[in-house]
>>> print(open('upload31.cif').read())   # mmCIF, C-alpha atoms and all ligand atoms
data_query
loop_
_atom_site.label_atom_id
_atom_site.label_comp_id
_atom_site.auth_asym_id
_atom_site.auth_seq_id
_atom_site.Cartn_x
_atom_site.Cartn_y
_atom_site.Cartn_z
CA MET A 3 37.56 -16.66 -22.71
CA SER A 4 38.27 -13.42 -24.57
CA LEU A 5 35.37 -11.37 -25.79
CA SER A 6 35.15 -9.40 -29.00
CA PRO A 7 34.28 -5.71 -28.48
CA THR A 8 30.62 -6.40 -29.24
CA ALA A 9 30.23 -9.74 -27.48
CA ARG A 10 28.87 -9.89 -23.96
CA GLU A 11 28.69 -12.67 -21.47
CA PRO A 12 25.10 -13.80 -20.88
CA SER A 13 23.37 -12.15 -17.95
CA LEU A 14 22.94 -14.21 -14.83
CA PRO A 15 19.76 -14.07 -12.79
CA GLY A 16 20.16 -11.23 -10.32
CA ARG A 17 23.39 -10.10 -11.97
CA PRO A 18 22.47 -8.28 -15.16
CA ASP A 19 25.32 -6.81 -17.17
CA ALA A 20 25.94 -3.09 -17.30
CA ALA A 21 24.34 -2.47 -20.68
CA VAL A 22 20.83 -3.74 -19.91
CA GLU A 23 18.01 -1.48 -18.83
CA THR A 24 17.57 -0.23 -15.31
CA ILE A 25 14.03 -0.43 -13.96
CA LEU A 26 12.97 1.56 -10.92
CA ILE A 27 9.92 0.15 -9.13
CA LEU A 28 8.21 2.55 -6.75
CA GLY A 29 7.10 0.00 -4.19
CA GLY A 30 5.70 -0.56 -0.74
CA THR A 31 3.04 -3.05 -1.83
CA ALA A 32 2.78 -6.82 -2.26
CA GLU A 33 2.30 -6.30 -5.99
CA ALA A 34 5.54 -4.29 -6.25
CA ALA A 35 7.47 -7.04 -4.47
CA LYS A 36 6.05 -9.67 -6.85
CA LEU A 37 7.00 -7.53 -9.81
CA ALA A 38 10.55 -7.08 -8.48
CA ALA A 39 10.83 -10.85 -8.02
CA ALA A 40 9.58 -11.59 -11.53
CA LEU A 41 11.82 -9.02 -13.22
CA SER A 42 14.88 -10.02 -11.17
CA GLU A 43 14.27 -13.66 -11.98
CA LYS A 44 14.43 -12.88 -15.68
CA GLY A 45 17.91 -11.43 -15.11
CA GLN A 46 17.58 -9.04 -18.03
CA ALA A 47 17.45 -5.79 -16.14
CA ARG A 48 18.89 -4.06 -13.14
CA VAL A 49 15.90 -3.86 -10.83
CA ILE A 50 15.73 -1.27 -8.07
CA THR A 51 12.78 -1.06 -5.68
CA ALA A 52 12.26 2.21 -3.85
CA LEU A 53 10.57 2.07 -0.44
CA ALA A 54 9.49 5.11 1.54
CA GLY A 55 10.89 3.70 4.79
CA ARG A 56 7.62 3.91 6.73
CA THR A 57 8.04 0.56 8.51
CA ASP A 58 10.88 -0.45 10.82
CA ASP A 59 11.58 -3.85 9.35
CA PRO A 60 10.30 -4.00 5.77
CA VAL A 61 10.30 -7.25 3.81
CA LEU A 62 12.96 -6.57 1.19
CA PRO A 63 12.11 -7.61 -2.37
CA PRO A 64 14.68 -9.27 -4.64
CA GLY A 65 17.00 -6.96 -6.56
CA GLU A 66 18.39 -3.69 -5.26
CA VAL A 67 16.45 -1.75 -2.66
CA ARG A 68 16.60 1.96 -1.96
CA ILE A 69 14.93 3.24 1.20
CA GLY A 70 13.76 6.81 1.81
CA GLY A 71 12.24 9.70 -0.10
CA PHE A 72 13.93 11.23 -3.12
CA GLY A 73 13.33 14.85 -2.17
CA GLY A 74 10.31 15.68 -4.32
CA VAL A 75 10.02 15.84 -8.08
CA ASP A 76 13.48 17.33 -8.62
CA GLY A 77 15.11 14.75 -6.37
CA LEU A 78 13.42 11.89 -8.17
CA ALA A 79 14.28 13.31 -11.60
CA ALA A 80 17.92 13.70 -10.53
CA TYR A 81 17.96 10.11 -9.24
CA LEU A 82 16.60 8.82 -12.56
CA LYS A 83 19.43 10.55 -14.39
CA ALA A 84 22.15 9.59 -11.91
CA GLU A 85 21.19 5.89 -12.02
CA ASP A 86 20.50 5.95 -15.77
CA VAL A 87 17.02 4.59 -15.15
CA SER A 88 15.36 3.52 -18.39
CA ARG A 89 11.88 2.80 -17.03
CA VAL A 90 9.86 3.56 -13.93
CA ILE A 91 7.02 1.38 -12.68
CA ASP A 92 4.73 3.00 -10.15
CA ALA A 93 3.40 0.07 -8.10
CA THR A 94 2.71 2.10 -4.97
CA HIS A 95 -0.43 1.86 -2.87
CA PRO A 96 -3.47 3.50 -4.50
CA PHE A 97 -3.78 5.92 -1.57
CA ALA A 98 -0.13 7.00 -1.83
CA ARG A 99 -1.00 10.02 -3.88
CA GLN A 100 2.06 12.26 -3.57
CA ILE A 101 4.63 9.78 -4.84
CA SER A 102 2.45 8.92 -7.84
CA GLU A 103 2.10 12.59 -8.74
CA ASN A 104 5.84 13.08 -8.27
CA ALA A 105 6.57 10.11 -10.52
CA ILE A 106 4.51 11.58 -13.36
CA ALA A 107 6.26 14.94 -13.11
CA ALA A 108 9.77 13.53 -12.60
CA CYS A 109 9.51 11.04 -15.46
CA ALA A 110 8.30 13.80 -17.77
CA LYS A 111 11.20 15.97 -16.67
CA ALA A 112 13.81 13.22 -17.08
CA HIS A 113 12.20 11.79 -20.26
CA VAL A 114 11.84 8.36 -18.73
CA PRO A 115 8.79 6.21 -19.56
CA LEU A 116 6.42 5.53 -16.68
CA THR A 117 4.07 2.60 -16.24
CA VAL A 118 1.42 2.76 -13.54
CA HIS A 119 0.24 -0.46 -11.92
CA SER A 120 -2.91 0.55 -10.14
CA ARG A 121 -5.07 -2.00 -8.33
CA LYS A 122 -8.74 -2.01 -9.11
CA PRO A 123 -10.92 -1.03 -6.15
CA TRP A 124 -12.97 -3.78 -4.52
CA GLU A 125 -16.56 -3.97 -5.71
CA LYS A 126 -19.42 -4.23 -3.29
CA GLN A 127 -21.02 -7.69 -3.26
CA ALA A 128 -24.67 -8.44 -2.51
CA ASP A 129 -24.09 -9.37 1.16
CA ASP A 130 -21.65 -6.55 1.93
CA ILE A 131 -22.84 -3.86 4.32
CA TRP A 132 -20.79 -0.90 3.16
CA ILE A 133 -21.16 2.66 4.39
CA GLU A 134 -19.36 4.41 1.56
CA VAL A 135 -17.60 7.71 2.34
CA ASP A 136 -15.07 9.92 0.59
CA SER A 137 -12.80 11.03 3.41
CA LEU A 138 -11.49 10.22 6.87
CA GLU A 139 -13.64 13.01 8.31
CA GLN A 140 -16.77 11.44 6.83
CA ALA A 141 -15.66 8.05 8.19
CA VAL A 142 -15.35 9.51 11.70
CA ALA A 143 -18.86 10.97 11.45
CA ALA A 144 -20.35 7.76 10.03
CA LEU A 145 -19.65 5.65 13.15
CA PRO A 146 -22.72 5.16 15.36
CA PRO A 147 -22.55 6.12 19.05
CA GLY A 148 -20.75 3.57 21.23
CA ALA A 149 -19.39 1.51 18.32
CA HIS A 150 -16.64 -1.08 18.82
CA VAL A 151 -14.46 -0.23 15.86
CA PHE A 152 -11.62 -1.96 14.05
CA LEU A 153 -9.45 0.65 12.32
CA ALA A 154 -7.70 -0.91 9.33
CA LEU A 155 -5.81 2.26 8.50
CA GLY A 156 -2.16 3.29 8.61
CA ARG A 157 -0.78 5.15 11.63
CA GLN A 158 -0.89 8.50 9.83
CA HIS A 159 -4.66 8.20 9.23
CA ILE A 160 -6.08 7.44 12.67
CA ASP A 161 -5.82 10.64 14.73
CA ALA A 162 -9.15 12.06 13.53
CA PHE A 163 -10.96 9.13 15.21
CA ALA A 164 -9.64 10.05 18.66
CA ARG A 165 -12.37 12.64 19.13
CA ARG A 166 -14.98 9.85 19.11
CA GLN A 167 -14.56 9.21 22.82
CA ASP A 168 -17.87 7.36 22.86
CA CYS A 169 -16.34 4.57 20.72
CA ARG A 170 -13.86 1.84 21.56
CA PHE A 171 -11.11 1.28 19.00
CA VAL A 172 -8.91 -1.63 18.01
CA ILE A 173 -6.13 -0.34 15.79
CA ARG A 174 -3.96 -2.56 13.61
CA MET A 175 -0.43 -1.28 13.04
CA VAL A 176 2.70 -2.77 11.48
CA ASP A 177 5.01 -1.23 14.09
CA ALA A 178 4.35 -0.20 17.68
CA PRO A 179 3.68 3.55 17.88
CA LYS A 180 6.70 5.67 18.79
CA GLN A 181 4.51 8.21 20.67
CA PRO A 182 1.43 7.59 22.83
CA LEU A 183 -1.75 7.60 20.77
CA PRO A 184 -4.34 10.34 21.44
CA PHE A 185 -7.14 7.83 22.10
CA ALA A 186 -9.11 7.49 25.34
CA ASP A 187 -9.89 3.82 24.70
CA ALA A 188 -7.83 1.94 22.13
CA THR A 189 -6.19 -1.45 21.80
CA ILE A 190 -3.28 -1.87 19.43
CA VAL A 191 -2.88 -5.06 17.43
CA LEU A 192 0.50 -5.36 15.79
CA GLY A 193 0.58 -7.00 12.38
CA LYS A 194 -0.53 -6.76 8.79
CA ALA A 195 -3.83 -7.46 7.09
CA SER A 196 -4.37 -11.12 6.30
CA ALA A 197 -5.72 -12.45 3.02
CA ASP A 198 -7.21 -15.30 5.10
CA TRP A 199 -10.72 -14.16 6.01
CA GLN A 200 -11.10 -16.72 8.79
CA GLU A 201 -8.05 -15.26 10.50
CA GLU A 202 -9.59 -11.81 10.19
CA ARG A 203 -12.91 -13.12 11.52
CA ARG A 204 -11.19 -14.56 14.60
CA LEU A 205 -9.63 -11.17 15.24
CA PHE A 206 -12.97 -9.35 14.95
CA GLU A 207 -14.65 -11.91 17.21
CA THR A 208 -11.87 -11.75 19.81
CA TYR A 209 -12.31 -7.99 20.18
CA GLY A 210 -16.10 -7.88 19.87
CA ILE A 211 -15.92 -5.64 16.80
CA ASP A 212 -19.19 -4.29 15.40
CA HIS A 213 -17.83 -1.80 12.82
CA ILE A 214 -14.75 -1.74 10.59
CA VAL A 215 -13.16 1.28 8.98
CA ALA A 216 -11.05 0.58 5.89
CA ARG A 217 -10.01 2.20 2.65
CA ASN A 218 -11.00 0.71 -0.66
CA SER A 219 -7.43 -0.27 -1.47
CA GLY A 220 -8.20 -3.24 -3.71
CA GLY A 221 -5.85 -6.21 -4.08
CA ASP A 222 -5.79 -9.65 -2.48
CA ALA A 223 -3.70 -9.00 0.61
CA GLY A 224 -6.30 -6.82 2.31
CA TYR A 225 -9.41 -8.58 1.05
CA GLY A 226 -9.62 -11.02 3.98
CA LYS A 227 -11.26 -8.39 6.20
CA ILE A 228 -13.84 -7.59 3.53
CA ILE A 229 -14.87 -11.25 3.26
CA ALA A 230 -14.86 -11.66 7.04
CA ALA A 231 -17.14 -8.64 7.43
CA ARG A 232 -19.47 -10.04 4.75
CA GLU A 233 -19.63 -13.42 6.49
CA MET A 234 -20.20 -11.82 9.89
CA ARG A 235 -22.67 -9.23 8.53
CA LEU A 236 -20.50 -6.45 9.95
CA PRO A 237 -20.80 -2.96 8.49
CA ILE A 238 -17.66 -1.48 6.96
CA VAL A 239 -17.19 2.26 6.70
CA ILE A 240 -15.26 2.19 3.47
CA ILE A 241 -13.31 5.19 2.23
CA GLY A 242 -13.20 5.67 -1.54
CA ARG A 243 -10.15 6.47 -3.65
CA PRO A 244 -8.72 9.93 -3.10
CA PHE A 245 -8.34 10.66 -6.79
CA ALA A 246 -9.36 9.28 -10.15
CA GLU A 247 -7.58 6.17 -11.38
CA LEU A 248 -4.32 7.00 -13.05
CA SER A 249 -4.08 5.43 -16.43
CA ASP A 250 -1.06 3.68 -17.82
CA ALA A 251 1.28 6.52 -18.68
CA ASP A 252 3.55 4.48 -20.96
N1 LIG B 301 -0.89 5.23 1.84
C1 LIG B 301 -1.17 3.98 2.22
O1 LIG B 301 -2.25 3.72 2.72
C2 LIG B 301 -0.18 2.87 2.04
C3 LIG B 301 -0.53 1.55 2.38
C4 LIG B 301 0.39 0.54 2.17
C5 LIG B 301 1.63 0.83 1.66
N2 LIG B 301 1.96 2.12 1.35
C6 LIG B 301 3.27 2.41 0.79
O2 LIG B 301 3.92 3.27 1.71
C7 LIG B 301 4.66 4.25 1.01
C8 LIG B 301 4.33 5.62 1.56
O3 LIG B 301 2.94 5.87 1.40
P1 LIG B 301 2.39 7.35 1.62
O4 LIG B 301 0.91 7.30 1.48
O5 LIG B 301 3.00 7.95 2.83
O6 LIG B 301 3.00 8.04 0.32
P2 LIG B 301 2.81 9.51 -0.29
O7 LIG B 301 2.03 10.36 0.66
O8 LIG B 301 2.36 9.39 -1.68
O9 LIG B 301 4.34 10.01 -0.34
C9 LIG B 301 4.89 10.96 0.55
C10 LIG B 301 6.38 11.00 0.29
O10 LIG B 301 7.00 9.78 0.72
C11 LIG B 301 8.04 9.42 -0.18
N3 LIG B 301 7.69 8.14 -0.81
C12 LIG B 301 6.46 7.57 -0.91
N4 LIG B 301 6.53 6.38 -1.48
C13 LIG B 301 7.83 6.18 -1.78
C14 LIG B 301 8.54 5.12 -2.36
N5 LIG B 301 7.92 4.00 -2.78
N6 LIG B 301 9.88 5.25 -2.50
C15 LIG B 301 10.51 6.35 -2.08
N7 LIG B 301 9.90 7.40 -1.50
C16 LIG B 301 8.57 7.31 -1.35
C17 LIG B 301 8.13 10.55 -1.18
O11 LIG B 301 9.06 11.47 -0.61
P3 LIG B 301 9.96 12.44 -1.52
O12 LIG B 301 9.02 13.50 -2.00
O13 LIG B 301 11.00 12.91 -0.58
O14 LIG B 301 10.48 11.62 -2.65
C18 LIG B 301 6.74 11.11 -1.17
O15 LIG B 301 6.67 12.46 -1.61
C19 LIG B 301 4.35 4.08 -0.48
O16 LIG B 301 5.48 3.49 -1.06
C20 LIG B 301 3.18 3.15 -0.53
O17 LIG B 301 3.24 2.27 -1.63
C21 LIG B 301 1.08 3.15 1.54
#
>>> encode(input="upload31.cif", output="structure tokens", more="lines below")
Ligand SMILES: NC(=O)c1ccc[n+]([C@@H]2O[C@H](COP(=O)([O-])OP(=O)(O)OC[C@H]3O[C@@H](n4cnc5c(N)ncnc54)[C@H](OP(=O)(O)O)[C@@H]3O)[C@@H](O)[C@H]2O)c1
Amino acid sequence: MSLSPTAREPSLPGRPDAAVETILILGGTAEAAKLAAALSEKGQARVITALAGRTDDPVLPPGEVRIGGFGGVDGLAAYLKAEDVSRVIDATHPFARQISENAIAACAKAHVPLTVHSRKPWEKQADDIWIEVDSLEQAVAALPPGAHVFLALGRQHIDAFARRQDCRFVIRMVDAPKQPLPFADATIVLGKASADWQEERRLFETYGIDHIVARNSGGDAGYGKIIAAREMRLPIVIIGRPFAELSDAD
């Protein structure tokens, strides 16, 4: 079939033609992966998901995937231009502050519209026992002497707890640590948070946990531990958001 200069073959799912928009999703969350799947399914845009590359074997979302940092604001702005990105969606984790700040600055610099998908924080329910703090340091100080603690934090956020040598820690990590951890008494559980609260409860029971430390990340994927703690009447030292909610910057 010959095409007139203005005619274009219809886009196929996953194979958009060259003239449609290019969407960059800043990812690393379940929500970002769902968004990439939904936009790729439509087949009307080239969809690129950017991952920081923090985990060894990430689940790759549909569409194109780019792994690794951009090199700050200038690097991200240059990437937007080089790939002719028409829209950026920031669907990163609410505690991933730097990349969200970079996205605002880079999109302004490259004149590319930015949409921010920010999860709402979880709200305390009547039966929740929350010890609300604003920082990791406060969380360390909030643990009672001799606590058996489940740390639901990323690898880069746990070192401050090592000085609590009176406590016993169970630390959940996606990948095994590359270096020995600085803890006197810690057990590592490899895996991700489960949305299934009964699975989380079994884990807490297995390790005799009496306190949990978590960030108020919001979203469904990590809510299982919050429900499990509620059901078990376990206190959670819960760390609040590091900065005010970003609004939709469209
Ligand atoms: N923080 C958390 O608790 C948490 C939890 C679950 C998932 N995640 C995901 O893990 C990633 C890293 O989190 P973080 O807290 O380390 O981030 P961060 O402190 O905000 O970012 C540090 C640097 O990592 C690079 N980066 C971060 N996210 C990126 C992405 N999606 N694509 C490409 N480069 C990215 C950027 O490097 P350059 O400056 O070189 O561009 C950024 O300046 C995020 O994508 C986030 O969604 C984070």
>>> residues_near_point(input="upload31.cif", point="(-7.5, 1.8, 15.1)", cutoff="7 Å", atoms="all atoms listed in the file", output="list in words")
Phe152, Leu153, Ala154, Leu155, Ile160, Phe171, Val172, Ile173 and Arg174 of chain A
>>> atom_distance(input="upload31.cif", atom1="atom O5 of ligand LIG 301 (chain B)", atom2="atom CA of Arg170 of chain A")
25.9 Å
>>> residues_around(input="upload31.cif", residues="Glu201 of chain A", least_positions_apart="6", cutoff="9 Å", atoms="only C-alpha atoms", output="number ranges by chain")
A: 226-227, 230
>>> atom_distance(input="upload31.cif", atom1="atom CA of Asp86 of chain A", atom2="atom CA of Glu23 of chain A")
8.4 Å
>>> atom_distance(input="upload31.cif", atom1="atom CA of His159 of chain A", atom2="atom CA of Lys194 of chain A")
15.5 Å
>>> residues_around(input="upload31.cif", residues="Glu202 of chain A", least_positions_apart="6", cutoff="12 Å", atoms="all atoms listed in the file", output="list of chain:residue names")
A:Phe152, A:Ala154, A:Arg174, A:Val191, A:Gly193, A:Lys194, A:Ala195, A:Ser196, A:Thr208, A:Tyr209, A:Ile211, A:Ile214, A:Ala223, A:Gly224, A:Tyr225, A:Gly226, A:Lys227, A:Ile228, A:Ile229, A:Ala230, A:Ala231, A:Arg232, A:Glu233, A:Met234
>>> residues_around(input="upload31.cif", residues="Asp59 of chain A", least_positions_apart="4", cutoff="10 Å", atoms="all atoms listed in the file", output="VMD selection string")
chain A and resid 55 176 to 177
>>> closest_residue(input="upload31.cif", among="A:Leu236, A:Trp124, A:Ala112, A:Leu183", to="Lys83 of chain A", atoms="all atoms listed in the file")
A:Ala112
>>> residues_near_ligand(input="upload31.cif", ligand="ligand LIG 301 (chain B)", cutoff="7 Å", atoms="all atoms listed in the file", output="list of chain:residue names")
A:Leu28, A:Gly29, A:Gly30, A:Thr31, A:Ala52, A:Leu53, A:Ala54, A:Arg56, A:Ile69, A:Gly70, A:Gly71, A:Phe72, A:Gly73, A:Gly74, A:Val75, A:Gly77, A:Leu78, A:Ala93, A:Thr94, A:His95, A:Phe97, A:Ala98, A:Arg99, A:Gln100, A:Ile101, A:Ser102, A:Asn104, A:Leu155, A:Gly156
>>> write_last_selection(input="upload31.cif", atoms="C-alpha atoms", output="PDB file, keeping the file's coordinate frame")
ATOM      1  CA  LEU A  28       8.210   2.550  -6.750  1.00  0.00           C
ATOM      2  CA  GLY A  29       7.100   0.000  -4.190  1.00  0.00           C
ATOM      3  CA  GLY A  30       5.700  -0.560  -0.740  1.00  0.00           C
ATOM      4  CA  THR A  31       3.040  -3.050  -1.830  1.00  0.00           C
ATOM      5  CA  ALA A  52      12.260   2.210  -3.850  1.00  0.00           C
ATOM      6  CA  LEU A  53      10.570   2.070  -0.440  1.00  0.00           C
ATOM      7  CA  ALA A  54       9.490   5.110   1.540  1.00  0.00           C
ATOM      8  CA  ARG A  56       7.620   3.910   6.730  1.00  0.00           C
ATOM      9  CA  ILE A  69      14.930   3.240   1.200  1.00  0.00           C
ATOM     10  CA  GLY A  70      13.760   6.810   1.810  1.00  0.00           C
ATOM     11  CA  GLY A  71      12.240   9.700  -0.100  1.00  0.00           C
ATOM     12  CA  PHE A  72      13.930  11.230  -3.120  1.00  0.00           C
ATOM     13  CA  GLY A  73      13.330  14.850  -2.170  1.00  0.00           C
ATOM     14  CA  GLY A  74      10.310  15.680  -4.320  1.00  0.00           C
ATOM     15  CA  VAL A  75      10.020  15.840  -8.080  1.00  0.00           C
ATOM     16  CA  GLY A  77      15.110  14.750  -6.370  1.00  0.00           C
ATOM     17  CA  LEU A  78      13.420  11.890  -8.170  1.00  0.00           C
ATOM     18  CA  ALA A  93       3.400   0.070  -8.100  1.00  0.00           C
ATOM     19  CA  THR A  94       2.710   2.100  -4.970  1.00  0.00           C
ATOM     20  CA  HIS A  95      -0.430   1.860  -2.870  1.00  0.00           C
ATOM     21  CA  PHE A  97      -3.780   5.920  -1.570  1.00  0.00           C
ATOM     22  CA  ALA A  98      -0.130   7.000  -1.830  1.00  0.00           C
ATOM     23  CA  ARG A  99      -1.000  10.020  -3.880  1.00  0.00           C
ATOM     24  CA  GLN A 100       2.060  12.260  -3.570  1.00  0.00           C
ATOM     25  CA  ILE A 101       4.630   9.780  -4.840  1.00  0.00           C
ATOM     26  CA  SER A 102       2.450   8.920  -7.840  1.00  0.00           C
ATOM     27  CA  ASN A 104       5.840  13.080  -8.270  1.00  0.00           C
ATOM     28  CA  LEU A 155      -5.810   2.260   8.500  1.00  0.00           C
ATOM     29  CA  GLY A 156      -2.160   3.290   8.610  1.00  0.00           C
TER      30      GLY A 156
END
>>> build_atoms(input="upload31.cif", residues="segment 210-225 of chain A", atoms="N, CA and C atoms", output="PDB file, in the frame of the given file")
ATOM      1  N   GLY A 210     -14.699  -8.308  19.840  1.00  0.00           N
ATOM      2  CA  GLY A 210     -16.100  -7.880  19.870  1.00  0.00           C
ATOM      3  C   GLY A 210     -16.384  -6.698  18.951  1.00  0.00           C
ATOM      4  N   ILE A 211     -15.799  -6.752  17.756  1.00  0.00           N
ATOM      5  CA  ILE A 211     -15.920  -5.640  16.800  1.00  0.00           C
ATOM      6  C   ILE A 211     -17.331  -5.606  16.191  1.00  0.00           C
ATOM      7  N   ASP A 212     -17.909  -4.399  16.106  1.00  0.00           N
ATOM      8  CA  ASP A 212     -19.190  -4.290  15.400  1.00  0.00           C
ATOM      9  C   ASP A 212     -19.134  -3.340  14.204  1.00  0.00           C
ATOM     10  N   HIS A 213     -18.020  -2.623  14.025  1.00  0.00           N
ATOM     11  CA  HIS A 213     -17.830  -1.800  12.820  1.00  0.00           C
ATOM     12  C   HIS A 213     -16.350  -1.847  12.423  1.00  0.00           C
ATOM     13  N   ILE A 214     -16.119  -1.776  11.112  1.00  0.00           N
ATOM     14  CA  ILE A 214     -14.750  -1.740  10.590  1.00  0.00           C
ATOM     15  C   ILE A 214     -14.615  -0.457   9.792  1.00  0.00           C
ATOM     16  N   VAL A 215     -13.442   0.148   9.882  1.00  0.00           N
ATOM     17  CA  VAL A 215     -13.160   1.280   8.980  1.00  0.00           C
ATOM     18  C   VAL A 215     -11.957   0.883   8.131  1.00  0.00           C
ATOM     19  N   ALA A 216     -12.128   0.974   6.811  1.00  0.00           N
ATOM     20  CA  ALA A 216     -11.050   0.580   5.890  1.00  0.00           C
ATOM     21  C   ALA A 216     -11.105   1.465   4.659  1.00  0.00           C
ATOM     22  N   ARG A 217     -10.001   1.499   3.944  1.00  0.00           N
ATOM     23  CA  ARG A 217     -10.010   2.200   2.650  1.00  0.00           C
ATOM     24  C   ARG A 217     -10.208   1.185   1.544  1.00  0.00           C
ATOM     25  N   ASN A 218     -10.787   1.635   0.461  1.00  0.00           N
ATOM     26  CA  ASN A 218     -11.000   0.710  -0.660  1.00  0.00           C
ATOM     27  C   ASN A 218      -9.698   0.613  -1.459  1.00  0.00           C
ATOM     28  N   SER A 219      -8.758  -0.169  -0.885  1.00  0.00           N
ATOM     29  CA  SER A 219      -7.430  -0.270  -1.470  1.00  0.00           C
ATOM     30  C   SER A 219      -7.364  -1.240  -2.638  1.00  0.00           C
ATOM     31  N   GLY A 220      -8.285  -2.202  -2.678  1.00  0.00           N
ATOM     32  CA  GLY A 220      -8.200  -3.240  -3.710  1.00  0.00           C
ATOM     33  C   GLY A 220      -7.080  -4.216  -3.392  1.00  0.00           C
ATOM     34  N   GLY A 221      -6.928  -5.221  -4.257  1.00  0.00           N
ATOM     35  CA  GLY A 221      -5.850  -6.210  -4.080  1.00  0.00           C
ATOM     36  C   GLY A 221      -6.277  -7.361  -3.174  1.00  0.00           C
ATOM     37  N   ASP A 222      -5.471  -8.428  -3.215  1.00  0.00           N
ATOM     38  CA  ASP A 222      -5.790  -9.650  -2.480  1.00  0.00           C
ATOM     39  C   ASP A 222      -5.407  -9.576  -1.008  1.00  0.00           C
ATOM     40  N   ALA A 223      -4.265  -8.924  -0.738  1.00  0.00           N
ATOM     41  CA  ALA A 223      -3.700  -9.000   0.610  1.00  0.00           C
ATOM     42  C   ALA A 223      -4.648  -8.451   1.669  1.00  0.00           C
ATOM     43  N   GLY A 224      -5.411  -7.430   1.317  1.00  0.00           N
ATOM     44  CA  GLY A 224      -6.300  -6.820   2.310  1.00  0.00           C
ATOM     45  C   GLY A 224      -7.742  -7.256   2.201  1.00  0.00           C
ATOM     46  N   TYR A 225      -8.013  -8.228   1.319  1.00  0.00           N
ATOM     47  CA  TYR A 225      -9.410  -8.580   1.050  1.00  0.00           C
ATOM     48  C   TYR A 225     -10.005  -9.496   2.124  1.00  0.00           C
TER      49      TYR A 225
END
